[in-house]
$ cat structure-v6.cif   # mmCIF, C-alpha atoms
data_work
loop_
_atom_site.label_atom_id
_atom_site.label_comp_id
_atom_site.auth_asym_id
_atom_site.auth_seq_id
_atom_site.Cartn_x
_atom_site.Cartn_y
_atom_site.Cartn_z
CA MET A 24 48.77 -9.69 8.38
CA ARG A 25 45.85 -12.08 8.60
CA GLN A 26 43.86 -12.41 5.39
CA LYS A 27 40.09 -12.19 5.47
CA PRO A 28 38.31 -15.43 4.50
CA ILE A 29 36.64 -15.29 1.10
CA TYR A 30 34.20 -18.14 1.76
CA PRO A 31 31.44 -15.96 3.37
CA TYR A 32 31.50 -13.64 0.36
CA LEU A 33 31.13 -16.60 -1.99
CA LEU A 34 28.04 -17.67 -0.07
CA ILE A 35 26.28 -14.33 -0.51
CA THR A 36 27.34 -13.88 -4.14
CA PRO A 37 24.35 -15.79 -5.66
CA ALA A 38 21.88 -13.75 -3.59
CA PHE A 39 23.65 -10.53 -4.56
CA LEU A 40 23.57 -11.43 -8.25
CA LEU A 41 19.90 -12.33 -8.06
CA MET A 42 19.11 -9.03 -6.33
CA PHE A 43 21.08 -7.19 -9.00
CA LEU A 44 19.20 -8.92 -11.83
CA VAL A 45 15.67 -8.41 -10.44
CA THR A 46 16.09 -5.07 -8.65
CA LEU A 47 19.12 -2.96 -9.41
CA TYR A 48 19.41 -3.59 -13.15
CA PRO A 49 15.73 -2.80 -13.94
CA THR A 50 16.01 0.36 -11.83
CA LEU A 51 19.12 1.56 -13.63
CA TYR A 52 17.64 0.67 -17.02
CA SER A 53 14.48 2.63 -16.18
CA VAL A 54 16.63 5.67 -15.40
CA TYR A 55 18.35 5.22 -18.77
CA LEU A 56 15.03 4.88 -20.62
CA SER A 57 13.63 7.94 -18.84
CA MET A 58 16.19 10.09 -20.69
CA ASN A 59 15.26 8.66 -24.08
CA ARG A 60 12.28 8.32 -26.34
CA VAL A 61 11.42 5.70 -28.92
CA ASN A 62 11.60 7.20 -32.41
CA ARG A 63 10.90 4.80 -35.30
CA GLY A 64 11.92 1.82 -33.23
CA ALA A 65 15.19 3.38 -32.03
CA LEU A 66 16.06 5.15 -28.80
CA GLU A 67 16.70 8.87 -29.10
CA PHE A 68 18.38 10.71 -26.22
CA VAL A 69 16.27 13.62 -24.98
CA GLY A 70 17.85 14.34 -21.59
CA LEU A 71 15.39 15.62 -19.00
CA ARG A 72 12.66 16.41 -21.50
CA ASN A 73 10.41 13.60 -20.28
CA PHE A 74 10.54 14.99 -16.76
CA GLN A 75 9.72 18.47 -18.05
CA VAL A 76 6.69 17.02 -19.83
CA ILE A 77 5.63 15.24 -16.63
CA LEU A 78 5.79 18.40 -14.51
CA SER A 79 3.75 20.32 -17.09
CA SER A 80 1.22 17.52 -17.63
CA GLY A 81 -2.24 17.93 -16.14
CA ASP A 82 -2.74 14.15 -16.30
CA PHE A 83 0.26 13.62 -14.02
CA TRP A 84 -0.92 16.07 -11.38
CA GLU A 85 -4.44 14.66 -11.53
CA SER A 86 -3.12 11.11 -11.07
CA LEU A 87 -0.98 12.34 -8.18
CA ARG A 88 -4.05 13.95 -6.59
CA LEU A 89 -6.02 10.72 -6.97
CA THR A 90 -3.12 8.78 -5.46
CA PHE A 91 -3.14 11.14 -2.48
CA ILE A 92 -6.90 10.72 -2.00
CA PHE A 93 -6.65 6.96 -2.26
CA GLY A 94 -3.69 6.86 0.14
CA VAL A 95 -5.36 8.96 2.83
CA PHE A 96 -8.54 6.89 2.94
CA TYR A 97 -6.79 3.55 2.44
CA VAL A 98 -4.24 4.11 5.21
CA SER A 99 -6.75 5.61 7.65
CA LEU A 100 -9.49 3.01 7.23
CA THR A 101 -7.07 0.08 7.22
CA LEU A 102 -5.51 1.26 10.47
CA ILE A 103 -8.88 1.83 12.14
CA PHE A 104 -10.31 -1.59 11.25
CA ALA A 105 -7.02 -3.36 11.97
CA PHE A 106 -6.78 -1.71 15.40
CA ILE A 107 -10.35 -2.72 16.30
CA LEU A 108 -9.75 -6.34 15.26
CA ALA A 109 -6.37 -6.47 17.00
CA LEU A 110 -7.88 -5.23 20.26
CA LEU A 111 -10.67 -7.81 20.03
CA PHE A 112 -8.30 -10.70 19.34
CA ASN A 113 -5.89 -9.51 22.03
CA ARG A 114 -8.65 -9.71 24.64
CA GLY A 115 -9.43 -13.26 23.59
CA LEU A 116 -12.47 -14.43 21.66
CA ARG A 117 -14.36 -17.66 21.74
CA PHE A 118 -13.66 -19.50 18.48
CA GLY A 119 -10.90 -16.96 17.88
CA GLY A 120 -9.07 -19.33 15.53
CA VAL A 121 -12.14 -19.55 13.26
CA TYR A 122 -12.54 -15.78 13.19
CA MET A 123 -8.81 -15.33 12.51
CA THR A 124 -9.05 -17.70 9.54
CA LEU A 125 -12.00 -15.77 8.11
CA VAL A 126 -10.18 -12.47 8.53
CA PHE A 127 -7.11 -13.78 6.70
CA ILE A 128 -8.96 -15.17 3.67
CA PRO A 129 -8.89 -11.81 1.78
CA TRP A 130 -5.18 -11.43 2.44
CA VAL A 131 -4.22 -14.75 0.84
CA LEU A 132 -6.15 -13.97 -2.35
CA SER A 133 -4.32 -12.34 -5.23
CA GLU A 134 -5.18 -8.76 -6.19
CA ILE A 135 -6.65 -9.85 -9.51
CA VAL A 136 -8.95 -12.43 -7.89
CA SER A 137 -10.02 -9.94 -5.24
CA GLY A 138 -10.60 -7.27 -7.87
CA VAL A 139 -12.76 -9.53 -10.02
CA ILE A 140 -14.84 -10.49 -6.98
CA TRP A 141 -15.45 -6.86 -6.05
CA ARG A 142 -16.20 -5.91 -9.64
CA TRP A 143 -18.86 -8.63 -9.82
CA MET A 144 -20.40 -7.48 -6.56
CA PHE A 145 -20.95 -4.01 -7.99
CA TYR A 146 -22.38 -4.93 -11.38
CA ARG A 147 -25.51 -2.92 -12.18
CA ASP A 148 -28.09 -5.71 -12.53
CA TYR A 149 -26.92 -8.58 -10.33
CA GLY A 150 -24.18 -7.18 -8.11
CA VAL A 151 -24.86 -8.20 -4.51
CA LEU A 152 -23.40 -5.09 -2.87
CA GLN A 153 -24.72 -2.82 -5.62
CA ASN A 154 -28.29 -4.00 -4.94
CA LEU A 155 -27.69 -3.65 -1.21
CA ILE A 156 -25.98 -0.24 -1.14
CA GLY A 157 -27.30 1.32 -4.35
CA PRO A 158 -30.69 2.38 -2.90
CA LEU A 159 -28.84 4.44 -0.26
CA PHE A 160 -27.38 6.55 -3.10
CA GLY A 161 -30.55 6.98 -5.11
CA GLY A 162 -30.20 3.74 -7.05
CA VAL A 163 -27.16 4.91 -9.05
CA THR A 164 -24.57 2.40 -10.17
CA LEU A 165 -21.58 3.23 -8.00
CA MET A 166 -19.03 2.06 -10.56
CA THR A 167 -20.25 4.69 -13.03
CA LYS A 168 -19.53 7.58 -10.66
CA PRO A 169 -15.98 8.84 -9.97
CA ALA A 170 -16.41 8.94 -6.19
CA GLY A 171 -18.24 5.62 -6.18
CA ALA A 172 -15.58 3.85 -8.25
CA MET A 173 -12.80 5.19 -6.03
CA GLY A 174 -14.77 4.15 -2.97
CA VAL A 175 -15.12 0.60 -4.29
CA VAL A 176 -11.36 0.30 -4.86
CA ILE A 177 -10.64 1.75 -1.42
CA GLY A 178 -13.08 -0.72 0.14
CA ALA A 179 -11.47 -3.64 -1.69
CA SER A 180 -7.97 -2.51 -0.67
CA VAL A 181 -8.96 -2.17 2.99
CA TRP A 182 -10.76 -5.52 2.89
CA GLN A 183 -7.69 -7.28 1.47
CA ASN A 184 -4.96 -5.76 3.65
CA THR A 185 -6.59 -5.29 7.05
CA ALA A 186 -5.57 -8.78 8.21
CA TYR A 187 -1.86 -8.16 7.63
CA VAL A 188 -1.91 -4.84 9.48
CA MET A 189 -3.98 -6.40 12.27
CA LEU A 190 -1.33 -9.09 12.71
CA LEU A 191 1.41 -6.48 13.11
CA ILE A 192 -0.60 -4.48 15.63
CA LEU A 193 -1.60 -7.64 17.50
CA ALA A 194 2.06 -8.60 17.81
CA GLY A 195 2.74 -5.20 19.34
CA LEU A 196 -0.18 -5.50 21.75
CA GLN A 197 0.94 -8.91 22.99
CA THR A 198 4.30 -7.50 24.06
CA ILE A 199 2.57 -5.30 26.67
CA PRO A 200 2.67 -7.03 30.08
CA GLY A 201 -0.73 -7.71 31.64
CA GLU A 202 0.56 -6.42 34.98
CA VAL A 203 0.60 -2.90 33.54
CA TYR A 204 -3.15 -3.00 32.93
CA GLU A 205 -3.76 -4.57 36.35
CA ALA A 206 -1.84 -1.75 38.04
CA ALA A 207 -3.80 0.82 36.03
CA SER A 208 -7.08 -0.85 37.01
CA ILE A 209 -6.13 -0.73 40.68
CA ASP A 210 -5.43 3.00 40.29
CA GLY A 211 -8.97 3.46 38.96
CA SER A 212 -8.18 3.78 35.26
CA THR A 213 -11.04 3.19 32.83
CA GLY A 214 -10.69 1.16 29.63
CA TRP A 215 -10.49 4.30 27.51
CA GLN A 216 -7.87 5.85 29.78
CA ALA A 217 -5.83 2.63 29.71
CA PHE A 218 -5.88 2.71 25.92
CA TRP A 219 -4.66 6.30 25.62
CA LYS A 220 -2.17 6.19 28.51
CA ILE A 221 -0.78 2.66 28.08
CA THR A 222 -1.78 0.88 24.88
CA TRP A 223 -1.36 3.69 22.37
CA PRO A 224 2.05 5.00 23.59
CA LEU A 225 3.49 1.47 23.56
CA VAL A 226 2.22 0.50 20.09
CA ARG A 227 2.71 3.96 18.54
CA PRO A 228 6.19 3.14 17.13
CA THR A 229 4.79 0.04 15.44
CA THR A 230 1.85 2.04 14.13
CA LEU A 231 4.09 4.72 12.65
CA VAL A 232 6.10 2.09 10.77
CA ILE A 233 2.85 0.54 9.52
CA VAL A 234 1.69 3.94 8.25
CA VAL A 235 4.90 4.29 6.22
CA LEU A 236 4.54 0.78 4.77
CA LEU A 237 0.88 1.36 3.88
CA THR A 238 1.71 4.68 2.27
CA ILE A 239 4.36 3.04 0.10
CA ALA A 240 1.83 0.35 -0.85
CA SER A 241 -0.74 3.01 -1.78
CA ILE A 242 1.69 4.70 -4.15
CA ASN A 243 2.44 1.41 -5.92
CA ALA A 244 -1.14 0.07 -5.95
CA VAL A 245 -2.16 -1.00 -9.44
CA GLY A 246 -3.65 -4.53 -9.38
CA LEU A 247 -7.02 -3.69 -7.84
CA PHE A 248 -7.40 -0.58 -9.98
CA LEU A 249 -6.77 -2.59 -13.13
CA SER A 250 -9.10 -5.44 -12.21
CA ILE A 251 -11.96 -3.33 -10.78
CA THR A 252 -12.16 -0.03 -12.67
CA GLU A 253 -9.33 -0.04 -15.26
CA GLY A 254 -8.90 3.62 -14.37
CA GLY A 255 -12.52 4.52 -15.10
CA PRO A 256 -15.04 5.93 -15.32
CA GLY A 257 -13.05 8.03 -17.75
CA ARG A 258 -9.81 8.65 -15.85
CA ALA A 259 -11.46 9.11 -12.46
CA THR A 260 -9.43 6.34 -10.81
CA GLU A 261 -6.21 6.56 -12.82
CA VAL A 262 -3.75 6.81 -9.96
CA LEU A 263 -0.04 7.40 -10.52
CA SER A 264 0.94 3.72 -10.79
CA LEU A 265 -1.86 3.04 -13.29
CA HIS A 266 -0.94 6.18 -15.25
CA MET A 267 2.62 4.87 -15.52
CA TYR A 268 1.38 1.41 -16.56
CA ARG A 269 -0.82 2.83 -19.31
CA GLU A 270 1.80 5.17 -20.73
CA ALA A 271 4.46 2.46 -20.88
CA LEU A 272 2.57 -0.73 -21.71
CA GLN A 273 -0.60 0.45 -23.48
CA PHE A 274 0.54 3.56 -25.33
CA PHE A 275 4.18 2.36 -25.71
CA HIS A 276 5.62 5.66 -24.45
CA PHE A 277 8.51 3.82 -22.83
CA GLY A 278 10.61 6.89 -22.12
CA TYR A 279 7.75 8.85 -20.56
CA GLY A 280 6.57 5.79 -18.63
CA SER A 281 10.10 5.17 -17.34
CA ALA A 282 10.30 8.81 -16.22
CA LEU A 283 7.07 8.29 -14.27
CA ALA A 284 8.61 5.17 -12.74
CA VAL A 285 11.63 7.22 -11.67
CA VAL A 286 9.34 9.79 -10.04
CA MET A 287 7.58 6.97 -8.19
CA PHE A 288 10.97 5.58 -7.18
CA PHE A 289 11.94 8.86 -5.54
CA LEU A 290 8.59 9.04 -3.74
CA ASN A 291 9.17 5.54 -2.41
CA ALA A 292 12.78 6.40 -1.51
CA ILE A 293 11.61 9.35 0.58
CA LEU A 294 9.13 7.13 2.41
CA GLY A 295 11.82 4.46 2.80
CA PHE A 296 14.11 7.05 4.39
CA ILE A 297 11.34 7.93 6.83
CA TYR A 298 10.88 4.21 7.57
CA ILE A 299 14.62 3.83 8.34
CA ARG A 300 14.52 6.85 10.62
CA PHE A 301 11.65 5.30 12.55
CA LEU A 302 13.60 2.07 12.93
CA GLN A 303 16.69 3.92 14.12
CA ARG A 304 14.66 5.87 16.67
CA ASP A 305 12.96 2.71 17.92
CA ASN A 306 16.32 0.96 18.28
CA ALA A 307 17.69 3.94 20.16
CA LEU A 308 14.74 3.90 22.55
CA ALA A 309 15.04 0.16 23.00
CA GLY A 310 18.74 0.49 23.77
#

$ encode --input "structure-v6.cif" --output "structure tokens"
Amino acid sequence: MRQKPIYPYLLITPAFLLMFLVTLYPTLYSVYLSMNRVNRGALEFVGLRNFQVILSSGDFWESLRLTFIFGVFYVSLTLIFAFILALLFNRGLRFGGVYMTLVFIPWVLSEIVSGVIWRWMFYRDYGVLQNLIGPLFGGVTLMTKPAGAMGVVIGASVWQNTAYVMLLILAGLQTIPGEVYEAASIDGSTGWQAFWKITWPLVRPTTLVIVVLLTIASINAVGLFLSITEGGPGRATEVLSLHMYREALQFFHFGYGSALAVVMFFLNAILGFIYIRFLQRDNALAG
């Protein structure tokens, strides 16, 4: 019987160990912490009590509601702006390289840098966008209002991530043969009809995957919330990820915070399962 070579497994061992150290071990340790609480500096096993507290906590459900609101607007607006830009770049623009560079500047900035920039732009006295947009809302400082603060974070998130989504959509658009549009034009199809009958059906699988990825990102978003609003005013922008961060790292409720992390893990796992199903369906259609 021929023995299997061990050399390939030795090659992947370092990568496997690294993945275990930075991914699997913290996940398993979070599950362990979620069933404990810190009592006088020592861990005390409490079973599923932390999860019971989460499900009965009004703060948790409010943070989940805010996460849902943020996710809906963030995903929708990012897709709309990314689609518009992708269609423009796909048609070809003069000085397209310059415009592409400008579009990608927000994406290469870190969340903290982007958040500080947006926070400065909405300061009451000298914020550029505050002075520009404030009069449209009666001169109120947007960052002091719950809806205004959430809107600022949504705007910053869309501004930062539109370029990445546009690139994915543009890649999908460039796989569509030009002959298809020429044939549709000969048949008398208008631009709008060509979009709905040709463009959208062909890029819809890519768009569905993007929606799943953006939704996962919206659940885990914390950097811009921390750097722009810090969850305020009050707790008006304390989404689920920020709620978990505060409980664990500010209030030192490590067990409760770990239980929140486990809940977020399962939400991400469900979305990851949906993502895999989309990939399997796309591969089946391609085959």

$ resolve_selection --input "structure-v6.cif" --expression "the PyMOL selection byres ((chain A and resi 75) around 12)" --output "PyMOL selection string"
chain A and resi 57-58+69-74+76-80+83+279+282-283+286

$ closest_residue --input "structure-v6.cif" --among "A:Leu89, A:Val95, A:Ala172, A:Ile221" --to "Ala207 (chain A)" --atoms "all atoms listed in the file"
A:Ile221

$ resolve_selection --input "structure-v6.cif" --expression "the PyMOL selection byres ((chain A and resi 132) around 12)" --output "number ranges by chain"
A: 126-131, 133-140, 179-180, 182-184, 186, 247

$ write_last_selection --input "structure-v6.cif" --atoms "C-alpha atoms" --output "mmCIF file, keeping the file's coordinate frame"
data_model
loop_
_atom_site.group_PDB
_atom_site.id
_atom_site.type_symbol
_atom_site.label_atom_id
_atom_site.label_comp_id
_atom_site.auth_asym_id
_atom_site.auth_seq_id
_atom_site.Cartn_x
_atom_site.Cartn_y
_atom_site.Cartn_z
ATOM 1 C CA VAL A 126 -10.180 -12.470 8.530
ATOM 2 C CA PHE A 127 -7.110 -13.780 6.700
ATOM 3 C CA ILE A 128 -8.960 -15.170 3.670
ATOM 4 C CA PRO A 129 -8.890 -11.810 1.780
ATOM 5 C CA TRP A 130 -5.180 -11.430 2.440
ATOM 6 C CA VAL A 131 -4.220 -14.750 0.840
ATOM 7 C CA SER A 133 -4.320 -12.340 -5.230
ATOM 8 C CA GLU A 134 -5.180 -8.760 -6.190
ATOM 9 C CA ILE A 135 -6.650 -9.850 -9.510
ATOM 10 C CA VAL A 136 -8.950 -12.430 -7.890
ATOM 11 C CA SER A 137 -10.020 -9.940 -5.240
ATOM 12 C CA GLY A 138 -10.600 -7.270 -7.870
ATOM 13 C CA VAL A 139 -12.760 -9.530 -10.020
ATOM 14 C CA ILE A 140 -14.840 -10.490 -6.980
ATOM 15 C CA ALA A 179 -11.470 -3.640 -1.690
ATOM 16 C CA SER A 180 -7.970 -2.510 -0.670
ATOM 17 C CA TRP A 182 -10.760 -5.520 2.890
ATOM 18 C CA GLN A 183 -7.690 -7.280 1.470
ATOM 19 C CA ASN A 184 -4.960 -5.760 3.650
ATOM 20 C CA ALA A 186 -5.570 -8.780 8.210
ATOM 21 C CA LEU A 247 -7.020 -3.690 -7.840
#

$ atom_distance --input "structure-v6.cif" --atom1 "CA of Met287 (chain A)" --atom2 "CA of Thr167 (chain A)"
28.3 Å

$ atom_distance --input "structure-v6.cif" --atom1 "CA of Val234 (chain A)" --atom2 "CA of Ile177 (chain A)"
15.8 Å

$ residues_around --input "structure-v6.cif" --residues "Leu249 (chain A)" --least-positions-apart "4" --cutoff "10 Å" --atoms "all atoms listed in the file" --output "ChimeraX atom specification"
/A:134-135,138-139,176,244-245,253-255,260-261,265,268

$ closest_residue --input "structure-v6.cif" --among "A:Asn113, A:Thr164, A:Thr101, A:Thr238" --to "Val181 (chain A)" --atoms "only C-alpha atoms"
A:Thr101

$ atom_distance --input "structure-v6.cif" --atom1 "CA of Val188 (chain A)" --atom2 "CA of Ala105 (chain A)"
5.9 Å

$ axis_aligned_box --input "structure-v6.cif" --around "region 261-268 of chain A" --padding-each-side "4 Å" --output "AutoDock Vina command-line options"
--center_x -1.8 --center_y 4.4 --center_z -13.3 --size_x 16.8 --size_y 14.0 --size_z 14.6

$ resolve_selection --input "structure-v6.cif" --expression "the PyMOL selection byres ((chain A and resi 143) around 12)" --output "list in words"
Val136, Ser137, Gly138, Val139, Ile140, Trp141, Arg142, Met144, Phe145, Tyr146, Arg147, Asp148, Tyr149, Gly150, Val151, Leu152, Gln153, Asn154, Met166, Val175, Ser250, Ile251 and Thr252 of chain A

$ closest_atom_pairs --input "structure-v6.cif" --of "region 198-307 of chain A" --to "region 42-55 of chain A" --cutoff "8 Å" --atoms "all atoms listed in the file" --output "tab-separated table"
residue	atom	partner	partner_atom	distance
A:Ser281	CA	A:Ser53	CA	5.2
A:Ala282	CA	A:Val54	CA	7.1
A:Ala284	CA	A:Ser53	CA	7.3
A:Val285	CA	A:Val54	CA	6.4

$ write_last_selection --input "structure-v6.cif" --atoms "C-alpha atoms" --output "CSV table (one decimal), in the frame of the given file"
chain,number,residue,atom,x,y,z
A,281,SER,CA,10.1,5.2,-17.3
A,282,ALA,CA,10.3,8.8,-16.2
A,284,ALA,CA,8.6,5.2,-12.7
A,285,VAL,CA,11.6,7.2,-11.7

$ closest_residue --input "structure-v6.cif" --among "A:Leu236, A:Thr185, A:Gly211, A:Arg88" --to "Gly295 (chain A)" --atoms "all atoms listed in the file"
A:Leu236

$ closest_residue --input "structure-v6.cif" --among "A:Leu110, A:Ile233, A:Val262, A:Thr198" --to "Leu294 (chain A)" --atoms "all atoms listed in the file"
A:Ile233

$ closest_residue --input "structure-v6.cif" --among "A:Ile92, A:Val98, A:Val235, A:Ala259" --to "Pro169 (chain A)" --atoms "only C-alpha atoms"
A:Ala259

$ residues_around --input "structure-v6.cif" --residues "Gln197 (chain A)" --least-positions-apart "6" --cutoff "12 Å" --atoms "only C-alpha atoms" --output "PyMOL selection string"
chain A and resi 109-110+112-115+190-191+222+225-226

$ decode --input "structure-v6.cif" --residues "region 205-268 of chain A" --atoms "C-alpha atoms" --output "CSV table (one decimal), in the first residue's frame"
chain,number,residue,atom,x,y,z
A,205,GLU,CA,-25.0,45.6,-29.4
A,206,ALA,CA,-27.5,42.8,-30.2
A,207,ALA,CA,-30.0,44.4,-27.7
A,208,SER,CA,-29.5,47.8,-29.3
A,209,ILE,CA,-30.2,46.4,-32.8
A,210,ASP,CA,-33.4,44.9,-31.4
A,211,GLY,CA,-34.5,48.4,-30.2
A,212,SER,CA,-33.7,48.0,-26.5
A,213,THR,CA,-33.3,51.3,-24.5
A,214,GLY,CA,-30.6,51.8,-22.0
A,215,TRP,CA,-32.9,51.2,-19.1
A,216,GLN,CA,-34.3,48.0,-20.7
A,217,ALA,CA,-30.7,46.8,-21.3
A,218,PHE,CA,-29.9,47.4,-17.6
A,219,TRP,CA,-32.9,45.4,-16.3
A,220,LYS,CA,-32.8,42.6,-18.9
A,221,ILE,CA,-29.0,42.2,-19.4
A,222,THR,CA,-26.9,44.0,-16.8
A,223,TRP,CA,-28.8,43.3,-13.6
A,224,PRO,CA,-29.4,39.5,-14.2
A,225,LEU,CA,-25.7,38.9,-15.0
A,226,VAL,CA,-24.3,40.9,-12.0
A,227,ARG,CA,-27.1,39.8,-9.6
A,228,PRO,CA,-25.1,36.8,-8.2
A,229,THR,CA,-22.1,39.1,-7.5
A,230,THR,CA,-24.5,41.7,-5.9
A,231,LEU,CA,-26.0,39.1,-3.6
A,232,VAL,CA,-22.6,38.0,-2.3
A,233,ILE,CA,-21.7,41.7,-1.8
A,234,VAL,CA,-24.9,42.2,0.2
A,235,VAL,CA,-23.9,39.3,2.5
A,236,LEU,CA,-20.4,40.7,3.0
A,237,LEU,CA,-21.6,44.2,3.7
A,238,THR,CA,-24.2,42.9,6.2
A,239,ILE,CA,-21.4,41.0,8.0
A,240,ALA,CA,-19.3,44.2,8.0
A,241,SER,CA,-22.3,46.2,9.5
A,242,ILE,CA,-22.7,43.7,12.4
A,243,ASN,CA,-19.0,44.0,13.2
A,244,ALA,CA,-18.6,47.8,12.7
A,245,VAL,CA,-17.1,49.5,15.7
A,246,GLY,CA,-14.2,51.7,14.6
A,247,LEU,CA,-16.2,54.6,13.0
A,248,PHE,CA,-18.7,54.5,15.9
A,249,LEU,CA,-15.9,54.8,18.4
A,250,SER,CA,-14.0,57.6,16.6
A,251,ILE,CA,-17.1,59.7,15.6
A,252,THR,CA,-19.8,59.4,18.3
A,253,GLU,CA,-18.4,57.0,21.0
A,254,GLY,CA,-22.0,55.6,21.1
A,255,GLY,CA,-23.6,59.0,21.8
A,256,PRO,CA,-25.5,61.1,22.2
A,257,GLY,CA,-26.4,59.0,25.2
A,258,ARG,CA,-26.6,55.5,23.8
A,259,ALA,CA,-28.2,56.5,20.5
A,260,THR,CA,-25.5,55.0,18.4
A,261,GLU,CA,-24.4,52.1,20.6
A,262,VAL,CA,-24.7,49.3,18.1
A,263,LEU,CA,-24.1,45.7,19.1
A,264,SER,CA,-20.4,45.6,18.4
A,265,LEU,CA,-19.9,48.8,20.4
A,266,HIS,CA,-22.1,47.5,23.2
A,267,MET,CA,-19.9,44.4,23.4
A,268,TYR,CA,-16.7,46.5,23.4
